[in-house]
file model-v6.tsv (TSV, C-alpha atoms and all ligand atoms)
chain	number	residue	atom	x	y	z
A	848	MET	CA	134.33	-140.10	2.05
A	849	LYS	CA	135.01	-138.59	-1.34
A	850	ASN	CA	131.87	-140.28	-2.60
A	851	ILE	CA	129.80	-138.77	0.17
A	852	ILE	CA	131.18	-135.27	-0.53
A	853	ASN	CA	130.43	-135.75	-4.21
A	854	LYS	CA	126.90	-136.80	-3.38
A	855	ILE	CA	126.41	-133.79	-1.11
A	856	LEU	CA	127.75	-131.50	-3.82
A	857	LEU	CA	125.54	-133.08	-6.46
A	858	THR	CA	122.49	-132.72	-4.22
A	859	ALA	CA	123.36	-129.06	-3.58
A	860	VAL	CA	123.68	-128.41	-7.32
A	861	MET	CA	120.35	-130.12	-7.99
A	862	VAL	CA	118.61	-128.13	-5.24
A	863	CYS	CA	120.02	-124.88	-6.68
A	864	ALA	CA	118.99	-125.84	-10.22
A	865	PHE	CA	115.51	-126.72	-9.01
A	866	ALA	CA	115.25	-123.43	-7.09
A	867	ALA	CA	116.40	-121.51	-10.18
A	868	ALA	CA	113.89	-123.30	-12.39
A	869	LYS	CA	111.19	-122.67	-9.79
A	870	ALA	CA	112.07	-118.99	-9.63
A	871	GLN	CA	110.97	-118.51	-13.27
A	872	PRO	CA	107.42	-117.15	-13.19
A	873	VAL	CA	104.91	-118.81	-15.51
A	874	HIS	CA	102.71	-116.50	-17.55
A	875	SER	CA	99.67	-118.25	-19.00
A	876	PHE	CA	97.38	-116.72	-21.60
A	877	SER	CA	94.06	-118.28	-22.52
A	878	VAL	CA	93.32	-118.64	-26.23
A	879	LYS	CA	89.93	-119.11	-27.84
A	880	ILE	CA	89.98	-120.48	-31.38
A	881	GLY	CA	87.42	-120.30	-34.15
A	882	ILE	CA	87.99	-121.88	-37.56
A	883	ASP	CA	85.89	-121.69	-40.71
A	884	CYS	CA	84.01	-124.85	-41.72
A	885	GLU	CA	85.53	-124.98	-45.22
A	886	SER	CA	88.99	-125.29	-43.70
A	887	VAL	CA	87.84	-128.04	-41.34
A	888	ASP	CA	86.26	-130.02	-44.18
A	889	SER	CA	89.24	-129.75	-46.49
A	890	LEU	CA	91.77	-130.51	-43.75
A	891	GLY	CA	90.07	-133.80	-42.91
A	892	GLY	CA	87.56	-133.02	-40.18
A	893	ARG	CA	87.47	-131.70	-36.63
A	894	GLU	CA	89.69	-134.33	-35.02
A	895	ARG	CA	92.47	-133.74	-37.53
A	896	VAL	CA	92.18	-129.97	-37.09
A	897	GLU	CA	92.38	-130.30	-33.29
A	898	TYR	CA	95.54	-132.39	-33.70
A	899	LEU	CA	97.03	-129.73	-36.02
A	900	ILE	CA	96.14	-126.89	-33.62
A	901	LYS	CA	97.72	-128.75	-30.68
A	902	ASP	CA	100.87	-129.23	-32.74
A	903	MET	CA	100.81	-125.56	-33.76
A	904	PHE	CA	100.57	-124.34	-30.15
A	905	ARG	CA	103.37	-126.69	-29.10
A	906	LYS	CA	105.51	-124.80	-31.61
A	907	VAL	CA	104.20	-121.37	-30.52
A	908	ASN	CA	104.99	-122.14	-26.87
A	909	LYS	CA	108.40	-123.50	-27.82
A	910	ALA	CA	109.23	-120.25	-29.64
A	911	PHE	CA	108.52	-118.29	-26.44
A	912	ASN	CA	110.53	-120.60	-24.20
A	913	TYR	CA	113.72	-121.85	-25.82
A	914	ASP	CA	115.65	-118.62	-25.26
A	915	ALA	CA	117.56	-118.22	-21.97
A	916	ARG	CA	117.13	-114.43	-22.23
A	917	PHE	CA	113.41	-114.74	-21.38
A	918	LYS	CA	112.74	-114.08	-17.71
A	919	ALA	CA	109.61	-116.20	-17.55
A	920	ILE	CA	107.93	-119.27	-18.92
A	921	TYR	CA	105.21	-118.37	-21.42
A	922	HIS	CA	102.22	-120.56	-22.03
A	923	PHE	CA	99.53	-119.90	-24.61
A	924	GLU	CA	96.77	-122.29	-23.65
A	925	VAL	CA	93.98	-123.27	-26.02
A	926	ASP	CA	90.59	-123.56	-24.32
A	927	TRP	CA	89.07	-126.58	-26.04
A	928	ASP	CA	85.68	-126.00	-24.40
A	929	ALA	CA	85.50	-122.67	-26.24
A	930	PHE	CA	86.77	-124.01	-29.59
A	931	TYR	CA	84.26	-123.43	-32.36
A	932	ILE	CA	83.70	-123.93	-36.07
A	933	TYR	CA	81.89	-121.15	-37.92
A	934	ASP	CA	80.18	-120.79	-41.24
A	935	GLY	CA	80.33	-117.13	-42.09
A	936	ILE	CA	82.59	-114.24	-42.94
A	937	SER	CA	85.88	-114.52	-41.08
A	938	THR	CA	86.48	-110.77	-40.88
A	939	GLN	CA	83.27	-110.51	-38.84
A	940	GLU	CA	84.49	-113.18	-36.42
A	941	VAL	CA	87.69	-111.18	-35.82
A	942	PHE	CA	85.83	-108.35	-34.10
A	943	LYS	CA	83.72	-110.52	-31.79
A	944	PRO	CA	84.46	-109.83	-28.12
A	945	HIS	CA	86.09	-112.61	-26.09
A	946	PRO	CA	85.84	-111.38	-22.49
A	947	ASP	CA	86.66	-114.79	-20.98
A	948	HIS	CA	89.91	-115.25	-22.91
A	949	ASP	CA	93.09	-113.25	-23.35
A	950	TYR	CA	93.27	-113.87	-27.08
A	951	LEU	CA	91.02	-114.99	-29.92
A	952	VAL	CA	92.50	-116.72	-32.98
A	953	VAL	CA	90.31	-116.77	-36.09
A	954	MET	CA	91.60	-119.30	-38.61
A	955	ASP	CA	90.60	-119.04	-42.21
A	956	GLY	CA	92.15	-121.42	-44.69
A	957	TYR	CA	90.15	-120.33	-47.69
A	958	LYS	CA	89.31	-116.72	-48.20
A	959	SER	CA	85.99	-117.49	-49.79
A	960	HIS	CA	84.29	-114.10	-49.47
A	961	PRO	CA	85.38	-110.76	-50.96
A	962	LYS	CA	85.03	-109.19	-47.51
A	963	GLU	CA	87.68	-111.57	-46.18
A	964	GLN	CA	90.64	-109.24	-46.52
A	965	GLY	CA	93.82	-108.76	-44.57
A	966	GLY	CA	95.04	-110.86	-41.69
A	967	GLY	CA	97.47	-110.60	-38.84
A	968	TRP	CA	97.31	-109.01	-35.42
A	969	TYR	CA	94.36	-106.87	-34.34
A	970	GLY	CA	95.44	-105.05	-31.20
A	971	ASP	CA	93.86	-102.33	-29.08
A	972	LYS	CA	90.59	-103.58	-27.58
A	973	ILE	CA	90.31	-106.47	-30.07
A	974	GLN	CA	93.30	-108.68	-29.11
A	975	THR	CA	92.75	-111.14	-31.95
A	976	VAL	CA	94.98	-112.95	-34.40
A	977	TYR	CA	93.32	-113.30	-37.80
A	978	HIS	CA	95.23	-116.29	-39.07
A	979	ALA	CA	94.34	-116.17	-42.75
A	980	ARG	CA	96.31	-117.65	-45.58
A	981	THR	CA	95.67	-116.82	-49.19
A	982	HIS	CA	95.35	-120.03	-51.12
A	983	ASN	CA	95.56	-120.85	-54.76
A	984	ASP	CA	94.85	-124.51	-54.22
A	985	ARG	CA	93.88	-126.91	-51.50
A	986	PHE	CA	97.40	-128.07	-50.70
A	987	ASN	CA	98.16	-125.08	-48.55
A	988	SER	CA	96.85	-124.83	-45.03
A	989	PRO	CA	96.99	-122.58	-41.95
A	990	PHE	CA	99.26	-125.23	-40.44
A	991	GLU	CA	102.11	-125.32	-42.97
A	992	PRO	CA	105.53	-124.36	-41.50
A	993	GLY	CA	105.43	-120.82	-42.91
A	994	ALA	CA	101.94	-120.27	-41.49
A	995	ILE	CA	103.13	-121.38	-38.04
A	996	ASP	CA	106.14	-119.05	-38.30
A	997	GLY	CA	103.60	-116.34	-39.12
A	998	ILE	CA	101.40	-116.98	-36.08
A	999	ILE	CA	104.47	-116.94	-33.78
A	1000	HIS	CA	105.17	-113.44	-35.16
A	1001	GLU	CA	101.55	-112.43	-34.41
A	1002	PHE	CA	101.89	-113.60	-30.81
A	1003	GLY	CA	105.01	-111.41	-30.70
A	1004	HIS	CA	102.64	-108.49	-31.37
A	1005	ALA	CA	100.31	-109.84	-28.70
A	1006	ARG	CA	103.25	-109.51	-26.26
A	1007	GLY	CA	103.85	-105.89	-27.24
A	1008	ILE	CA	106.45	-105.91	-30.03
A	1009	PRO	CA	105.89	-103.75	-33.10
A	1010	ASP	CA	106.90	-104.83	-36.62
A	1011	ILE	CA	110.61	-104.26	-37.08
A	1012	TYR	CA	110.19	-104.38	-40.86
A	1013	ALA	CA	107.97	-101.28	-40.53
A	1014	MET	CA	111.12	-99.36	-39.55
A	1015	LYS	CA	112.99	-100.24	-42.77
A	1016	VAL	CA	113.79	-97.91	-45.66
A	1017	ASP	CA	114.19	-98.72	-49.36
A	1018	ALA	CA	117.15	-97.04	-51.05
A	1019	ASP	CA	114.98	-95.65	-53.84
A	1020	LYS	CA	112.65	-94.10	-51.23
A	1021	ASN	CA	115.43	-92.22	-49.50
A	1022	PRO	CA	115.81	-88.80	-51.15
A	1023	VAL	CA	118.24	-87.62	-48.45
A	1024	ASN	CA	121.26	-89.89	-48.95
A	1025	GLY	CA	119.96	-92.78	-51.07
A	1026	GLN	CA	120.85	-95.44	-48.49
A	1027	PRO	CA	118.59	-98.30	-47.43
A	1028	PHE	CA	117.94	-99.19	-43.79
A	1029	LEU	CA	117.87	-102.95	-43.39
A	1030	GLY	CA	116.53	-103.45	-39.86
A	1031	THR	CA	117.78	-106.22	-37.63
A	1032	ARG	CA	117.43	-109.98	-37.63
A	1033	CYS	CA	114.31	-110.98	-35.69
A	1034	ILE	CA	111.08	-112.98	-35.85
A	1035	MET	CA	109.44	-109.51	-35.76
A	1036	ASP	CA	111.35	-108.50	-38.89
A	1037	TYR	CA	110.92	-111.56	-41.10
A	1038	PRO	CA	109.37	-114.62	-39.45
A	1039	TYR	CA	109.61	-117.26	-42.18
A	1040	GLY	CA	112.23	-119.84	-41.35
A	1041	GLU	CA	113.45	-117.56	-38.55
A	1042	THR	CA	113.76	-118.67	-34.92
A	1043	PHE	CA	115.70	-115.69	-33.53
A	1044	TRP	CA	114.27	-112.94	-31.35
A	1045	SER	CA	116.32	-109.72	-31.43
A	1046	ASP	CA	117.49	-108.25	-28.10
A	1047	TYR	CA	114.79	-105.63	-28.58
A	1048	ALA	CA	112.04	-108.26	-28.92
A	1049	VAL	CA	113.31	-110.09	-25.82
A	1050	ASN	CA	113.38	-106.80	-23.89
A	1051	MET	CA	109.79	-106.05	-24.88
A	1052	ILE	CA	108.56	-109.57	-24.04
A	1053	ASN	CA	110.30	-109.41	-20.64
A	1054	MET	CA	108.81	-105.99	-19.95
A	1055	ALA	CA	105.27	-107.12	-20.83
A	1056	GLY	CA	105.67	-110.18	-18.59
A	1057	GLY	CA	102.24	-111.57	-17.73
A	1058	ARG	CA	100.31	-108.37	-18.33
A	1059	ASN	CA	97.66	-107.88	-20.99
A	1060	ILE	CA	99.04	-104.98	-22.95
A	1061	ASP	CA	98.70	-103.18	-26.21
A	1062	ILE	CA	101.72	-102.14	-28.29
A	1063	ASP	CA	100.47	-98.58	-28.82
A	1064	ASP	CA	100.12	-98.03	-25.06
A	1065	VAL	CA	103.59	-99.25	-24.11
A	1066	VAL	CA	105.83	-97.99	-26.91
A	1067	MET	CA	106.36	-94.39	-25.72
A	1068	LYS	CA	106.74	-95.44	-22.08
A	1069	VAL	CA	110.03	-97.13	-22.93
A	1070	VAL	CA	112.00	-94.41	-24.71
A	1071	PRO	CA	114.77	-92.30	-23.19
A	1072	LYS	CA	113.98	-88.64	-22.54
A	1073	SER	CA	116.61	-87.28	-24.89
A	1074	ILE	CA	118.78	-88.03	-27.91
A	1075	ALA	CA	122.42	-86.91	-28.13
A	1076	ILE	CA	124.08	-86.51	-31.52
A	1077	LYS	CA	127.86	-86.61	-31.34
A	1078	ALA	CA	129.69	-85.57	-34.49
A	1079	ARG	CA	133.29	-86.43	-35.23
A	1080	TRP	CA	135.60	-86.05	-38.19
A	1081	ALA	CA	137.03	-89.33	-39.45
A	1082	ASP	CA	140.31	-88.53	-37.66
A	1083	GLY	CA	138.47	-88.36	-34.31
A	1084	LYS	CA	138.39	-84.57	-33.94
A	1085	VAL	CA	135.07	-83.10	-32.81
A	1086	VAL	CA	132.94	-81.30	-35.38
A	1087	GLU	CA	132.33	-77.67	-34.45
A	1088	ASN	CA	129.46	-75.66	-35.88
A	1089	ALA	CA	127.27	-78.14	-37.71
A	1090	GLU	CA	123.69	-78.18	-38.94
A	1091	VAL	CA	121.70	-81.18	-37.71
A	1092	LYS	CA	118.55	-82.30	-39.48
A	1093	PHE	CA	116.16	-85.12	-38.51
A	1094	TYR	CA	114.33	-86.72	-41.46
A	1095	PRO	CA	111.52	-88.96	-40.22
A	1096	VAL	CA	110.36	-92.35	-41.53
A	1097	GLY	CA	106.64	-93.16	-41.22
A	1098	TRP	CA	105.48	-96.63	-40.17
A	1099	TYR	CA	105.32	-99.10	-43.08
A	1100	SER	CA	106.25	-96.31	-45.54
A	1101	TYR	CA	109.85	-97.50	-46.18
A	1102	THR	CA	110.39	-93.85	-47.09
A	1103	VAL	CA	112.55	-91.05	-45.70
A	1104	SER	CA	110.61	-87.81	-45.66
A	1105	GLU	CA	112.09	-85.05	-47.83
A	1106	LYS	CA	111.35	-82.53	-45.09
A	1107	PRO	CA	113.07	-82.69	-41.72
A	1108	VAL	CA	110.72	-82.90	-38.73
A	1109	PHE	CA	113.24	-81.00	-36.60
A	1110	ASP	CA	116.55	-79.22	-37.05
A	1111	THR	CA	119.15	-77.83	-34.70
A	1112	LYS	CA	122.82	-76.87	-34.52
A	1113	ILE	CA	125.97	-78.18	-32.98
A	1114	ALA	CA	127.64	-75.11	-31.53
A	1115	LYS	CA	130.35	-76.59	-29.34
A	1116	LYS	CA	132.11	-79.76	-28.28
A	1117	GLY	CA	130.69	-81.67	-31.25
A	1118	GLU	CA	127.47	-82.55	-29.47
A	1119	VAL	CA	123.82	-81.56	-29.28
A	1120	VAL	CA	121.09	-83.01	-27.07
A	1121	ILE	CA	117.42	-82.82	-28.05
A	1122	PRO	CA	114.24	-83.99	-26.32
A	1123	THR	CA	113.19	-87.33	-27.89
A	1124	GLN	CA	109.66	-86.04	-28.48
A	1125	LYS	CA	110.92	-83.37	-30.90
A	1126	VAL	CA	111.26	-86.24	-33.39
A	1127	PHE	CA	109.37	-89.19	-31.91
A	1128	SER	CA	106.13	-87.51	-30.93
A	1129	ILE	CA	103.29	-89.41	-29.33
A	1130	GLU	CA	100.49	-90.50	-31.65
A	1131	LYS	CA	97.45	-92.63	-31.04
A	1132	GLU	CA	97.76	-95.12	-33.91
A	1133	PHE	CA	101.18	-96.65	-33.26
A	1134	GLY	CA	101.93	-94.94	-29.96
A	1135	VAL	CA	104.60	-92.91	-31.73
A	1136	LYS	CA	104.37	-91.00	-35.01
A	1137	TYR	CA	107.56	-92.29	-36.67
A	1138	SER	CA	109.26	-95.67	-36.70
A	1139	ASN	CA	112.71	-94.44	-37.67
A	1140	CYS	CA	114.67	-91.28	-38.41
A	1141	LEU	CA	117.68	-90.40	-40.55
A	1142	VAL	CA	119.95	-87.82	-38.92
A	1143	GLU	CA	122.08	-85.60	-41.14
A	1144	VAL	CA	125.00	-83.61	-39.76
A	1145	GLU	CA	126.50	-81.01	-42.10
A	1146	SER	CA	129.68	-79.04	-41.52
A	1147	GLU	CA	132.10	-77.31	-43.91
A	1148	GLY	CA	130.07	-78.66	-46.85
A	1149	LYS	CA	130.50	-82.29	-45.70
A	1150	LYS	CA	127.70	-84.54	-44.51
A	1151	GLY	CA	127.45	-87.53	-42.23
A	1152	TYR	CA	124.45	-89.70	-41.35
A	1153	ALA	CA	123.01	-92.00	-38.68
A	1154	TRP	CA	119.74	-93.90	-38.30
A	1155	ILE	CA	117.57	-93.92	-35.17
A	1156	PRO	CA	115.18	-96.85	-35.57
A	1157	LEU	CA	112.69	-97.12	-32.73
A	1158	TYR	CA	114.20	-100.42	-31.56
A	1159	TYR	CA	117.60	-98.74	-31.09
A	1160	LEU	CA	116.03	-95.88	-29.17
A	1161	GLN	CA	114.08	-98.26	-26.93
A	1162	ASN	CA	117.09	-100.51	-26.36
A	1163	CYS	CA	118.85	-97.43	-24.89
A	1164	TRP	CA	115.99	-97.21	-22.38
A	1165	PHE	CA	116.24	-100.92	-21.63
A	1166	GLU	CA	119.95	-100.38	-20.91
A	1167	GLY	CA	118.90	-97.85	-18.28
A	1168	LYS	CA	119.94	-94.75	-20.22
A	1169	ASP	CA	118.05	-91.49	-19.99
A	1170	CYS	CA	119.76	-90.23	-23.13
A	1171	CYS	CA	120.30	-92.22	-26.32
A	1172	GLU	CA	123.66	-91.42	-27.92
A	1173	LEU	CA	124.46	-91.58	-31.62
A	1174	GLU	CA	127.80	-90.95	-33.27
A	1175	VAL	CA	127.98	-89.42	-36.72
A	1176	THR	CA	131.26	-89.43	-38.64
A	1177	LEU	CA	132.02	-86.83	-41.30
A	1178	LYS	CA	134.73	-87.35	-43.86
A	1179	ARG	CA	136.88	-84.64	-45.35
A	1180	ASP	CA	137.95	-85.13	-48.99
A	1181	ILE	CA	140.74	-87.60	-49.33
A	1182	LYS	CA	143.36	-86.59	-51.83
A	1183	LEU	CA	143.81	-89.51	-54.19
A	1184	THR	CA	146.60	-88.08	-56.34
A	1185	ARG	CA	150.07	-87.14	-55.22
A	1186	ASP	CA	151.99	-84.12	-56.40
A	1187	ILE	CA	155.48	-85.15	-57.45
A	1201	ZN	ZN	103.60	-108.06	-37.85
call {"tool": "encode", "arguments": {"input": "model-v6.tsv", "output": "structure tokens", "more": "lines below"}}
Ligand SMILES: [Zn+2]
result
Amino acid sequence: MKNIINKILLTAVMVCAFAAAKAQPVHSFSVKIGIDCESVDSLGGRERVEYLIKDMFRKVNKAFNYDARFKAIYHFEVDWDAFYIYDGISTQEVFKPHPDHDYLVVMDGYKSHPKEQGGGWYGDKIQTVYHARTHNDRFNSPFEPGAIDGIIHEFGHARGIPDIYAMKVDADKNPVNGQPFLGTRCIMDYPYGETFWSDYAVNMINMAGGRNIDIDDVVMKVVPKSIAIKARWADGKVVENAEVKFYPVGWYSYTVSEKPVFDTKIAKKGEVVIPTQKVFSIEKEFGVKYSNCLVEVESEGKKGYAWIPLYYLQNCWFEGKDCCELEVTLKRDIKLTRDI
């Protein structure tokens, strides 16, 4: 009897597990690949290159599927009927339309022409990964582990995630308080040897789902309407009457602007709420003008600071908040000597 109950229970668990697995939607994206003939020759011919590409896409698909936080199964599928080898300038291949495929990947192992510059994700109407590696010798290839980590990052862009490293600040480029901003651990921050997607990246991938999207179009749709700055003294008391300044950080500039983009006052209860767009205004190129912002609160000659990187702002939205809250702590002077 016990055996039968166990069997029934086991069957029930298996049915549930199967149903749960089945409930995961599968999002497939077709990929067309072109590779330059020099790379094919030096890598050992077409068959070898096809083997390497298959292995590469096994790793790409794995990166988008190992994490339980993803709400779908992602599949980037190479169309071998469309695979082609070209003899020409790679940067011209990048801009070729590919109406029958979601993505085009142009692989260039040997930048052999001066016009072959750059590399990475080409968004907007292009939707192409230019997978170019700069080589000093013939031992490197577009299929080395670092190169594969790089293409996983590019497919992160393809799924709507901006560069997290573009929100960072170098200490020597921060004239306001001299502090760096280090970002957050993520494949979209630094991909090499990294297998971790930040919560922000997972949120963006889940939001994009199976849609064909462009980063610039989605970024401002997922920010809360307002930002609340709450200022406290280190002892927990609210800060009354403070000046609040917002110093913006431009994309990929790693620099805090010397001039605030917006300023306001805290007049009561240690809090001020501003519309998000006073700082993070809409702009065509990246969807939003700034990638980060340093907030300065000043009261009684003392200053306190907080960062608002775009990923923090957007994570507030993903948490269902209409207003993104930041706490700023101000410290009064601490007396280090004691009068006897
Ligand atoms: Zn990137």
call {"tool": "closest_residue", "arguments": {"input": "model-v6.tsv", "among": "A:Pro992, A:Gly970, A:Pro961, A:Pro872", "to": "ligand ZN 1201 (chain A)", "atoms": "only C-alpha atoms and all ligand atoms"}}
result
A:Gly970
call {"tool": "residues_near_ligand", "arguments": {"input": "model-v6.tsv", "ligand": "ligand ZN 1201 (chain A)", "cutoff": "7 Å", "atoms": "all atoms listed in the file", "output": "list in words"}}
result
Gly967, Trp968, His1000, Glu1001, His1004, Pro1009, Asp1010 and Met1035 of chain A
call {"tool": "write_last_selection", "arguments": {"input": "model-v6.tsv", "atoms": "C-alpha atoms", "output": "PDB file, in the frame of the given file"}}
result
ATOM      1  CA  GLY A 967      97.470-110.600 -38.840  1.00  0.00           C
ATOM      2  CA  TRP A 968      97.310-109.010 -35.420  1.00  0.00           C
ATOM      3  CA  HIS A1000     105.170-113.440 -35.160  1.00  0.00           C
ATOM      4  CA  GLU A1001     101.550-112.430 -34.410  1.00  0.00           C
ATOM      5  CA  HIS A1004     102.640-108.490 -31.370  1.00  0.00           C
ATOM      6  CA  PRO A1009     105.890-103.750 -33.100  1.00  0.00           C
ATOM      7  CA  ASP A1010     106.900-104.830 -36.620  1.00  0.00           C
ATOM      8  CA  MET A1035     109.440-109.510 -35.760  1.00  0.00           C
TER       9      MET A1035
END
call {"tool": "atom_distance", "arguments": {"input": "model-v6.tsv", "atom1": "atom CA of Lys1116 of chain A", "atom2": "atom CA of Trp1164 of chain A"}}
result
24.5 Å
call {"tool": "closest_atom_pairs", "arguments": {"input": "model-v6.tsv", "of": "segment 1121-1175 of chain A", "to": "segment 1021-1032 of chain A", "cutoff": "12 Å", "atoms": "only C-alpha atoms", "output": "CSV"}}
result
residue,atom,partner,partner_atom,distance
A:Ser1138,CA,A:Gly1030,CA,11.1
A:Asn1139,CA,A:Phe1028,CA,9.3
A:Cys1140,CA,A:Phe1028,CA,10.1
A:Leu1141,CA,A:Val1023,CA,8.4
A:Val1142,CA,A:Val1023,CA,9.7
A:Glu1143,CA,A:Val1023,CA,8.5
A:Val1144,CA,A:Val1023,CA,11.7
A:Lys1150,CA,A:Asn1024,CA,9.5
A:Gly1151,CA,A:Asn1024,CA,9.4
A:Tyr1152,CA,A:Asn1024,CA,8.2
A:Ala1153,CA,A:Phe1028,CA,10.2
A:Trp1154,CA,A:Phe1028,CA,7.8
A:Ile1155,CA,A:Phe1028,CA,10.1
A:Pro1156,CA,A:Gly1030,CA,8.0
A:Leu1157,CA,A:Gly1030,CA,10.3
A:Tyr1158,CA,A:Thr1031,CA,9.1
A:Tyr1159,CA,A:Thr1031,CA,9.9
call {"tool": "write_last_selection", "arguments": {"input": "model-v6.tsv", "atoms": "C-alpha atoms", "output": "PDB file, keeping the file's coordinate frame"}}
result
ATOM      1  CA  SER A1138     109.260 -95.670 -36.700  1.00  0.00           C
ATOM      2  CA  ASN A1139     112.710 -94.440 -37.670  1.00  0.00           C
ATOM      3  CA  CYS A1140     114.670 -91.280 -38.410  1.00  0.00           C
ATOM      4  CA  LEU A1141     117.680 -90.400 -40.550  1.00  0.00           C
ATOM      5  CA  VAL A1142     119.950 -87.820 -38.920  1.00  0.00           C
ATOM      6  CA  GLU A1143     122.080 -85.600 -41.140  1.00  0.00           C
ATOM      7  CA  VAL A1144     125.000 -83.610 -39.760  1.00  0.00           C
ATOM      8  CA  LYS A1150     127.700 -84.540 -44.510  1.00  0.00           C
ATOM      9  CA  GLY A1151     127.450 -87.530 -42.230  1.00  0.00           C
ATOM     10  CA  TYR A1152     124.450 -89.700 -41.350  1.00  0.00           C
ATOM     11  CA  ALA A1153     123.010 -92.000 -38.680  1.00  0.00           C
ATOM     12  CA  TRP A1154     119.740 -93.900 -38.300  1.00  0.00           C
ATOM     13  CA  ILE A1155     117.570 -93.920 -35.170  1.00  0.00           C
ATOM     14  CA  PRO A1156     115.180 -96.850 -35.570  1.00  0.00           C
ATOM     15  CA  LEU A1157     112.690 -97.120 -32.730  1.00  0.00           C
ATOM     16  CA  TYR A1158     114.200-100.420 -31.560  1.00  0.00           C
ATOM     17  CA  TYR A1159     117.600 -98.740 -31.090  1.00  0.00           C
TER      18      TYR A1159
END
call {"tool": "atom_distance", "arguments": {"input": "model-v6.tsv", "atom1": "atom CA of Pro1107 of chain A", "atom2": "atom CA of Lys1084 of chain A"}}
result
26.6 Å
call {"tool": "residues_around", "arguments": {"input": "model-v6.tsv", "residues": "Ile1074 of chain A", "least_positions_apart": "4", "cutoff": "12 Å", "atoms": "all atoms listed in the file", "output": "JSON, numbers by chain"}}
result
{"A": [1070, 1093, 1118, 1119, 1120, 1121, 1122, 1123, 1124, 1125, 1126, 1127, 1140, 1142, 1154, 1155, 1157, 1159, 1160, 1161, 1163, 1164, 1168, 1169, 1170, 1171, 1172, 1173, 1174]}
call {"tool": "atom_distance", "arguments": {"input": "model-v6.tsv", "atom1": "atom CA of Leu951 of chain A", "atom2": "atom CA of Phe930 of chain A"}}
result
10.0 Å
call {"tool": "closest_residue", "arguments": {"input": "model-v6.tsv", "among": "A:His960, A:Tyr1094, A:Val925, A:Asp1036", "to": "Tyr1012 of chain A", "atoms": "all atoms listed in the file"}}
result
A:Asp1036
call {"tool": "closest_residue", "arguments": {"input": "model-v6.tsv", "among": "A:Val1016, A:Ala870, A:Ile1011, A:Ile1113", "to": "Lys1077 of chain A", "atoms": "all atoms listed in the file"}}
result
A:Ile1113
call {"tool": "closest_residue", "arguments": {"input": "model-v6.tsv", "among": "A:Met954, A:Arg916, A:Tyr931, A:Ala910", "to": "Pro1038 of chain A", "atoms": "all atoms listed in the file"}}
result
A:Ala910
call {"tool": "closest_residue", "arguments": {"input": "model-v6.tsv", "among": "A:Asp1046, A:Glu885, A:Asp949, A:Asp1063", "to": "Gly1134 of chain A", "atoms": "only C-alpha atoms"}}
result
A:Asp1063
call {"tool": "residues_around", "arguments": {"input": "model-v6.tsv", "residues": "Glu1147 of chain A", "least_positions_apart": "4", "cutoff": "10 Å", "atoms": "all atoms listed in the file", "output": "tab-separated table (two decimals) with C-alpha atoms, in the coordinates of the input"}}
result
chain	number	residue	atom	x	y	z
A	1086	VAL	CA	132.94	-81.30	-35.38
A	1087	GLU	CA	132.33	-77.67	-34.45
A	1088	ASN	CA	129.46	-75.66	-35.88
A	1089	ALA	CA	127.27	-78.14	-37.71
A	1090	GLU	CA	123.69	-78.18	-38.94
A	1177	LEU	CA	132.02	-86.83	-41.30
A	1179	ARG	CA	136.88	-84.64	-45.35
call {"tool": "closest_residue", "arguments": {"input": "model-v6.tsv", "among": "A:Arg1058, A:Lys1015, A:Lys1112, A:Lys901", "to": "Tyr1037 of chain A", "atoms": "only C-alpha atoms"}}
result
A:Lys1015
call {"tool": "build_atoms", "arguments": {"input": "model-v6.tsv", "residues": "segment 1030-1038 of chain A", "atoms": "N, CA and C atoms", "output": "compact mmCIF listing (two decimals), in the frame of the given file"}}
result
# COMPACT_ATOMS: atom_id res chain seq x y z
N GLY A 1030 117.14 -102.87 -41.06
CA GLY A 1030 116.53 -103.45 -39.86
C GLY A 1030 117.48 -104.37 -39.14
N THR A 1031 116.94 -105.29 -38.37
CA THR A 1031 117.78 -106.22 -37.63
C THR A 1031 117.12 -107.60 -37.64
N ARG A 1032 117.96 -108.62 -37.56
CA ARG A 1032 117.43 -109.98 -37.63
C ARG A 1032 116.50 -110.26 -36.45
N CYS A 1033 115.29 -110.73 -36.75
CA CYS A 1033 114.31 -110.98 -35.69
C CYS A 1033 113.06 -111.64 -36.29
N ILE A 1034 112.39 -112.43 -35.47
CA ILE A 1034 111.08 -112.98 -35.85
C ILE A 1034 110.12 -111.82 -36.18
N MET A 1035 110.32 -110.65 -35.53
CA MET A 1035 109.44 -109.51 -35.76
C MET A 1035 109.86 -108.70 -36.99
N ASP A 1036 110.96 -109.11 -37.62
CA ASP A 1036 111.35 -108.50 -38.89
C ASP A 1036 110.85 -109.38 -40.03
N TYR A 1037 111.33 -110.61 -40.06
CA TYR A 1037 110.92 -111.56 -41.10
C TYR A 1037 110.78 -112.94 -40.43
N PRO A 1038 109.55 -113.42 -40.28
CA PRO A 1038 109.37 -114.62 -39.45
C PRO A 1038 109.64 -115.96 -40.14
